[in-house]
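The data block below is upload-v5.cif; it holds mmCIF, C-alpha atoms.
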```
data_upload
#
loop_
_atom_site.group_PDB
_atom_site.id
_atom_site.type_symbol
_atom_site.label_atom_id
_atom_site.label_comp_id
_atom_site.auth_asym_id
_atom_site.auth_seq_id
_atom_site.Cartn_x
_atom_site.Cartn_y
_atom_site.Cartn_z
ATOM 1 C CA MET P 1 90.380 120.024 96.922
ATOM 2 C CA SER P 2 94.010 121.056 97.104
ATOM 3 C CA GLU P 3 96.781 118.653 98.017
ATOM 4 C CA SER P 4 97.522 120.585 101.201
ATOM 5 C CA LYS P 5 93.984 120.064 102.491
ATOM 6 C CA LEU P 6 93.975 116.289 101.980
ATOM 7 C CA VAL P 7 94.227 114.597 105.367
ATOM 8 C CA LEU P 8 94.433 110.815 105.595
ATOM 9 C CA ASP P 9 94.053 110.008 109.289
ATOM 10 C CA ASP P 10 94.677 106.713 111.083
ATOM 11 C CA PHE P 11 90.953 105.908 111.135
ATOM 12 C CA PHE P 12 90.766 106.084 107.346
ATOM 13 C CA ILE P 13 93.981 104.097 106.892
ATOM 14 C CA ASP P 14 92.748 101.332 109.233
ATOM 15 C CA ALA P 15 89.308 101.247 107.616
ATOM 16 C CA ILE P 16 90.560 101.073 104.029
ATOM 17 C CA SER P 17 93.061 98.392 105.110
ATOM 18 C CA GLU P 18 90.175 96.270 106.415
ATOM 19 C CA VAL P 19 88.105 96.821 103.264
ATOM 20 C CA LEU P 20 91.081 95.886 101.071
ATOM 21 C CA ASN P 21 91.777 92.857 103.253
ATOM 22 C CA ILE P 22 88.248 91.607 102.534
ATOM 23 C CA GLY P 23 88.584 92.454 98.844
ATOM 24 C CA MET P 24 91.905 90.701 98.455
ATOM 25 C CA GLY P 25 90.506 87.672 100.275
ATOM 26 C CA ALA P 26 87.942 87.427 97.481
ATOM 27 C CA ALA P 27 90.723 87.862 94.922
ATOM 28 C CA ALA P 28 92.768 85.078 96.535
ATOM 29 C CA ALA P 29 89.756 82.758 96.387
ATOM 30 C CA SER P 30 89.364 83.503 92.676
ATOM 31 C CA LEU P 31 93.078 82.897 92.072
ATOM 32 C CA SER P 32 92.829 79.591 93.982
ATOM 33 C CA GLU P 33 90.247 78.415 91.447
ATOM 34 C CA MET P 34 92.566 79.343 88.578
ATOM 35 C CA VAL P 35 95.624 77.513 89.911
ATOM 36 C CA GLU P 36 93.589 74.710 91.536
ATOM 37 C CA GLU P 37 95.663 75.117 94.673
ATOM 38 C CA GLU P 38 95.162 76.885 97.959
ATOM 39 C CA VAL P 39 96.394 80.467 97.810
ATOM 40 C CA VAL P 40 97.538 81.875 101.135
ATOM 41 C CA LEU P 41 97.552 85.653 101.245
ATOM 42 C CA SER P 42 99.403 87.762 103.765
ATOM 43 C CA VAL P 43 97.681 90.658 105.518
ATOM 44 C CA PRO P 44 97.813 93.533 103.011
ATOM 45 C CA ARG P 45 99.970 96.511 103.931
ATOM 46 C CA ILE P 46 99.010 99.842 102.435
ATOM 47 C CA GLU P 47 100.568 103.260 101.984
ATOM 48 C CA PHE P 48 99.407 106.458 100.285
ATOM 49 C CA VAL P 49 102.334 107.879 98.310
ATOM 50 C CA SER P 50 103.248 109.690 95.096
ATOM 51 C CA ARG P 51 103.959 107.738 91.900
ATOM 52 C CA LEU P 52 107.678 108.384 92.317
ATOM 53 C CA ASP P 53 107.636 107.175 95.930
ATOM 54 C CA ALA P 54 105.638 104.089 94.880
ATOM 55 C CA ALA P 55 108.292 103.273 92.275
ATOM 56 C CA ASN P 56 111.047 103.745 94.860
ATOM 57 C CA ILE P 57 109.275 101.562 97.440
ATOM 58 C CA ILE P 58 108.648 98.713 95.009
ATOM 59 C CA GLY P 59 112.151 99.210 93.624
ATOM 60 C CA THR P 60 113.694 98.241 96.956
ATOM 61 C CA LYS P 61 112.256 94.737 96.450
ATOM 62 C CA VAL P 62 112.344 94.464 92.673
ATOM 63 C CA SER P 63 115.656 94.457 90.827
ATOM 64 C CA SER P 64 114.301 93.604 87.385
ATOM 65 C CA GLU P 65 111.483 94.734 85.169
ATOM 66 C CA VAL P 66 107.886 94.219 86.200
ATOM 67 C CA SER P 67 104.859 92.932 84.342
ATOM 68 C CA GLY P 68 101.201 93.074 85.151
ATOM 69 C CA VAL P 69 97.807 94.436 84.255
ATOM 70 C CA LEU P 70 96.318 97.931 84.171
ATOM 71 C CA GLN P 71 92.558 98.389 84.389
ATOM 72 C CA GLY P 72 90.511 101.561 84.742
ATOM 73 C CA PHE P 73 87.494 101.666 87.059
ATOM 74 C CA ALA P 74 84.703 104.136 87.719
ATOM 75 C CA GLY P 75 82.103 104.108 90.492
ATOM 76 C CA ALA P 76 82.918 103.378 94.130
ATOM 77 C CA ILE P 77 86.567 103.835 93.147
ATOM 78 C CA ASN P 78 87.606 106.103 90.296
ATOM 79 C CA GLY P 79 91.030 105.649 88.767
ATOM 80 C CA ASP P 80 93.338 102.960 87.445
ATOM 81 C CA ALA P 81 94.032 99.710 89.261
ATOM 82 C CA LEU P 82 97.420 98.193 88.537
ATOM 83 C CA LEU P 83 98.577 94.689 89.434
ATOM 84 C CA LEU P 84 102.357 94.253 89.331
ATOM 85 C CA PHE P 85 104.740 91.356 89.790
ATOM 86 C CA PRO P 86 108.526 91.142 89.431
ATOM 87 C CA GLU P 87 109.153 89.651 85.997
ATOM 88 C CA GLU P 88 110.511 86.312 87.222
ATOM 89 C CA GLN P 89 107.645 85.877 89.678
ATOM 90 C CA SER P 90 105.001 86.718 87.086
ATOM 91 C CA LEU P 91 106.353 83.836 85.001
ATOM 92 C CA GLU P 92 106.104 81.527 88.033
ATOM 93 C CA LEU P 93 102.481 82.591 88.448
ATOM 94 C CA VAL P 94 101.777 81.980 84.754
ATOM 95 C CA ARG P 95 103.234 78.464 85.110
ATOM 96 C CA ALA P 96 100.930 77.818 88.067
ATOM 97 C CA VAL P 97 97.870 78.992 86.148
ATOM 98 C CA LEU P 98 98.743 77.034 82.989
ATOM 99 C CA HIS P 99 99.574 73.910 85.047
ATOM 100 C CA GLU P 100 102.607 73.343 82.835
ATOM 101 C CA ASP P 101 106.317 73.688 83.481
ATOM 102 C CA LEU P 102 106.996 75.291 80.110
ATOM 103 C CA PRO P 103 110.448 76.500 79.022
ATOM 104 C CA LEU P 104 111.061 80.215 79.357
ATOM 105 C CA ASP P 105 110.799 81.053 75.637
ATOM 106 C CA GLU P 106 107.401 79.372 75.268
ATOM 107 C CA LEU P 107 106.213 80.800 78.569
ATOM 108 C CA THR P 108 107.086 84.340 77.541
ATOM 109 C CA GLU P 109 104.900 84.013 74.457
ATOM 110 C CA LEU P 110 101.937 83.024 76.635
ATOM 111 C CA GLU P 111 102.684 85.515 79.379
ATOM 112 C CA GLN P 112 100.643 88.416 78.032
ATOM 113 C CA ASP P 113 97.358 86.527 77.659
ATOM 114 C CA ALA P 114 97.789 84.619 80.908
ATOM 115 C CA MET P 115 98.765 87.668 82.956
ATOM 116 C CA THR P 116 95.890 89.695 81.504
ATOM 117 C CA GLU P 117 93.453 87.011 82.623
ATOM 118 C CA ILE P 118 95.100 86.763 86.066
ATOM 119 C CA GLY P 119 94.971 90.524 86.478
ATOM 120 C CA ASN P 120 91.376 90.694 85.299
ATOM 121 C CA VAL P 121 90.322 88.079 87.870
ATOM 122 C CA ILE P 122 92.281 89.544 90.794
ATOM 123 C CA LEU P 123 91.482 93.213 90.185
ATOM 124 C CA ASN P 124 87.805 92.606 89.462
ATOM 125 C CA ALA P 125 87.385 90.361 92.498
ATOM 126 C CA CYS P 126 89.000 92.970 94.741
ATOM 127 C CA VAL P 127 87.220 96.020 93.330
ATOM 128 C CA SER P 128 83.826 94.325 92.921
ATOM 129 C CA ASN P 129 83.951 93.144 96.518
ATOM 130 C CA MET P 130 84.729 96.678 97.679
ATOM 131 C CA ALA P 131 81.843 98.041 95.596
ATOM 132 C CA ASP P 132 79.506 95.500 97.201
ATOM 133 C CA LEU P 133 80.643 96.605 100.660
ATOM 134 C CA PHE P 134 79.951 100.219 99.708
ATOM 135 C CA GLU P 135 76.627 99.183 98.078
ATOM 136 C CA GLN P 136 77.713 100.818 94.840
ATOM 137 C CA THR P 137 78.355 99.686 91.291
ATOM 138 C CA MET P 138 81.662 99.585 89.470
ATOM 139 C CA ILE P 139 82.381 99.874 85.770
ATOM 140 C CA GLY P 140 85.684 98.392 84.625
ATOM 141 C CA GLU P 141 87.519 99.055 81.375
ATOM 142 C CA VAL P 142 89.180 96.372 79.262
ATOM 143 C CA PRO P 143 92.359 95.278 81.097
ATOM 144 C CA ALA P 144 95.696 95.932 79.404
ATOM 145 C CA PHE P 145 98.966 94.027 79.810
ATOM 146 C CA VAL P 146 101.916 96.179 80.905
ATOM 147 C CA LYS P 147 105.607 95.382 81.065
ATOM 148 C CA GLY P 148 108.759 97.394 81.582
ATOM 149 C CA SER P 149 110.594 99.425 84.179
ATOM 150 C CA LEU P 150 108.785 100.645 87.286
ATOM 151 C CA ALA P 151 109.189 104.264 86.198
ATOM 152 C CA SER P 152 107.564 103.651 82.822
ATOM 153 C CA VAL P 153 104.753 101.412 84.110
ATOM 154 C CA LEU P 154 103.840 103.833 86.896
ATOM 155 C CA SER P 155 104.213 106.862 84.576
ATOM 156 C CA VAL P 156 106.422 108.581 87.144
ATOM 157 C CA GLU P 157 106.834 111.622 84.882
ATOM 158 C CA GLN P 158 103.087 112.257 85.373
ATOM 159 C CA ASP P 159 103.519 112.498 89.126
ATOM 160 C CA LYS P 160 100.058 113.840 89.865
ATOM 161 C CA GLY P 161 97.463 112.689 92.349
ATOM 162 C CA ILE P 162 98.176 109.935 94.818
ATOM 163 C CA VAL P 163 98.872 106.215 94.773
ATOM 164 C CA LEU P 164 97.250 103.739 97.131
ATOM 165 C CA LEU P 165 100.022 101.134 97.268
ATOM 166 C CA LEU P 166 98.949 97.693 98.466
ATOM 167 C CA LYS P 167 101.622 95.078 99.153
ATOM 168 C CA MET P 168 100.718 91.436 99.619
ATOM 169 C CA ASP P 169 102.422 88.044 99.443
ATOM 170 C CA PHE P 170 100.916 85.085 97.603
ATOM 171 C CA SER P 171 101.943 81.582 98.641
ATOM 172 C CA ILE P 172 101.090 79.001 95.985
ATOM 173 C CA GLN P 173 102.427 75.438 96.087
ATOM 174 C CA GLU P 174 105.158 76.535 98.471
ATOM 175 C CA LYS P 175 106.089 79.345 96.095
ATOM 176 C CA ASN P 176 106.293 82.792 97.637
ATOM 177 C CA ILE P 177 105.131 85.305 95.060
ATOM 178 C CA HIS P 178 105.210 88.990 95.954
ATOM 179 C CA GLY P 179 102.592 91.114 94.250
ATOM 180 C CA TYR P 180 101.649 94.750 94.339
ATOM 181 C CA VAL P 181 98.267 96.333 93.703
ATOM 182 C CA THR P 182 98.197 100.084 93.205
ATOM 183 C CA PHE P 183 95.250 102.376 92.705
ATOM 184 C CA LEU P 184 96.225 105.505 90.793
ATOM 185 C CA MET P 185 93.761 108.193 91.858
ATOM 186 C CA ASP P 186 93.404 111.950 91.873
ATOM 187 C CA PHE P 187 92.556 113.878 95.026
ATOM 188 C CA ALA P 188 88.849 114.099 94.220
ATOM 189 C CA SER P 189 88.748 110.290 93.976
ATOM 190 C CA ILE P 190 90.530 109.913 97.318
ATOM 191 C CA THR P 191 87.964 112.244 98.892
ATOM 192 C CA GLU P 192 85.118 110.165 97.418
ATOM 193 C CA LEU P 193 86.775 107.008 98.744
ATOM 194 C CA GLN P 194 86.904 108.593 102.205
ATOM 195 C CA LYS P 195 83.165 109.279 102.020
ATOM 196 C CA ASN P 196 82.468 105.677 101.016
ATOM 197 C CA ILE P 197 84.589 104.398 103.901
ATOM 198 C CA GLU P 198 82.819 106.669 106.398
ATOM 199 C CA ALA P 199 79.394 105.541 105.123
ATOM 200 C CA PHE P 200 80.472 101.881 105.263
ATOM 201 C CA VAL P 201 81.823 102.117 108.816
ATOM 202 C CA GLY P 202 78.887 104.202 109.981
ATOM 203 C CA GLY P 203 76.417 101.699 108.634
ATOM 204 C CA GLY P 204 78.237 98.693 110.013
#
```
As C-alpha cells, how would this structure be written, given the file I've shared?
Amino acid sequence: MSESKLVLDDFFIDAISEVLNIGMGAAAASLSEMVEEEVVLSVPRIEFVSRLDAANIIGTKVSSEVSGVLQGFAGAINGDALLLFPEEQSLELVRAVLHEDLPLDELTELEQDAMTEIGNVILNACVSNMADLFEQTMIGEVPAFVKGSLASVLSVEQDKGIVLLLKMDFSIQEKNIHGYVTFLMDFASITELQKNIEAFVGGG
C-alpha cells in the first residue's frame, strides 16, 4: 500500500486510543507492583506522525537527552516499540523502582539494567494486553537500552513508515513523570493494525 492511500480516520484513531488506554492501564498496574506505590496514569494521547515529526513533538517538552528501551514485536503489532523518558525523569523512575535515593553517579551505573527491566514490564504489559484484546499472539525480541538525542534514538535519518506516538503522564509518589511510547511501523503494519481494530470493534 502506498503512503498516499493510507487513510487514518477518526473511527480508527478513537478505537486505537481506547485499546491503548486499556493496554497502558495494564502497564501502570505492573509498574505499581515494581515501585510498590500507586501509579496514576493520564488518559493517553496519540498521534500518527513521521519519525522527524515525532522527534519535534517530543522535543518541545524535552530539552535534554532521552533514555529508554527499544523492543521489537511481531504478531498483532509488527514493528518496534520504544519507551522514552527525559533523562532526568528516567533517573527519578529508577530511584522509585530501586527504593533508594542513590547519588547520581551510582544511579547512572544502575540506570541501564533498571530501565531495561522497567521498559520490558511496561511494553510487554501494554502489547500483550492489546494482543489479548485482538485474540492474537505476540512475539517480543530481547529489549535493548537506548540513550542519546531524540534524533539518534528515533533514527530520524531513516524517516520511513509511520510512528504511533503515545504520550502519557505517570504520577508516582507525587512525582510527575512524563513518558512516551512510540510504535515504529511500516504502512503494511498500520494496515494490519486497522484490520485488528475493525475485528475487535466488530466483535465487541
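Distance check against Val94 (chain P) using all atoms listed in the file: of P:Asp132, P:Glu18, P:Glu117, P:Glu198, the minimum falls on P:Glu117.
Proximity ranking of P:Ile162, P:Ala27, P:Met130, P:Ile118 relative to Ala76 (chain P) places P:Met130 first, based on all atoms listed in the file.
The residues returned by the PyMOL selection byres ((chain P and resi 88) around 10) on the shown structure are Val62, Ser64, Glu65, Val66, Ser67, Phe85, Pro86, Glu87, Gln89, Ser90, Leu91, Glu92, Leu93, Leu104 and Ile177 of chain P.
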Q: Please provide the set of residues having any atom within 7 Å of Pro44 (chain P), restricted to only C-alpha atoms, with same-chain residues fewer than 3 positions apart removed, written as a list of chain:residue names.
A: P:Asn21, P:Leu166, P:Lys167, P:Met168
Q: Identify, on the basis of all atoms listed in the file, every residue whose closest approach to Ala54 (chain P) does not exceed 9 Å; exclude the query and any residue fewer than 2 positions from it along the same chain; express the result as number ranges by chain.
A: P: 47-52, 56-59, 150, 154, 156, 163-165, 182
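When all atoms listed in the file are used to measure the gap to Gln158 (chain P), the shortest distance among P:Asp186, P:Ser32, P:His178, P:Phe11 belongs to P:Asp186.
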Q: Would you list the contacts of Ser30 (chain P) as a ChimeraX atom specification, taking every protein, DNA or RNA residue within 12 Å and counting all atoms listed in the file, but skipping same-chain residues closer than 5 positions in sequence?
A: /P:23-25,35-40,97,117-126,129
Those selected residues, please, written with C-alpha atoms and delivered as a short mmCIF file (atom, residue, chain, number, x, y, z; two decimals), in the frame of the given file.
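Contents of result33.cif, as written:
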```
data_model
loop_
_atom_site.label_atom_id
_atom_site.label_comp_id
_atom_site.auth_asym_id
_atom_site.auth_seq_id
_atom_site.Cartn_x
_atom_site.Cartn_y
_atom_site.Cartn_z
CA GLY P 23 88.58 92.45 98.84
CA MET P 24 91.90 90.70 98.46
CA GLY P 25 90.51 87.67 100.28
CA VAL P 35 95.62 77.51 89.91
CA GLU P 36 93.59 74.71 91.54
CA GLU P 37 95.66 75.12 94.67
CA GLU P 38 95.16 76.89 97.96
CA VAL P 39 96.39 80.47 97.81
CA VAL P 40 97.54 81.88 101.14
CA VAL P 97 97.87 78.99 86.15
CA GLU P 117 93.45 87.01 82.62
CA ILE P 118 95.10 86.76 86.07
CA GLY P 119 94.97 90.52 86.48
CA ASN P 120 91.38 90.69 85.30
CA VAL P 121 90.32 88.08 87.87
CA ILE P 122 92.28 89.54 90.79
CA LEU P 123 91.48 93.21 90.18
CA ASN P 124 87.80 92.61 89.46
CA ALA P 125 87.38 90.36 92.50
CA CYS P 126 89.00 92.97 94.74
CA ASN P 129 83.95 93.14 96.52
#
```
Q | For Phe12 (chain P), the nearest of the candidates P:Leu133, P:Val181, P:Val201, P:Val146, counting only C-alpha atoms | A |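 For Phe12 (chain P), the nearest of the candidates is P:Val201.
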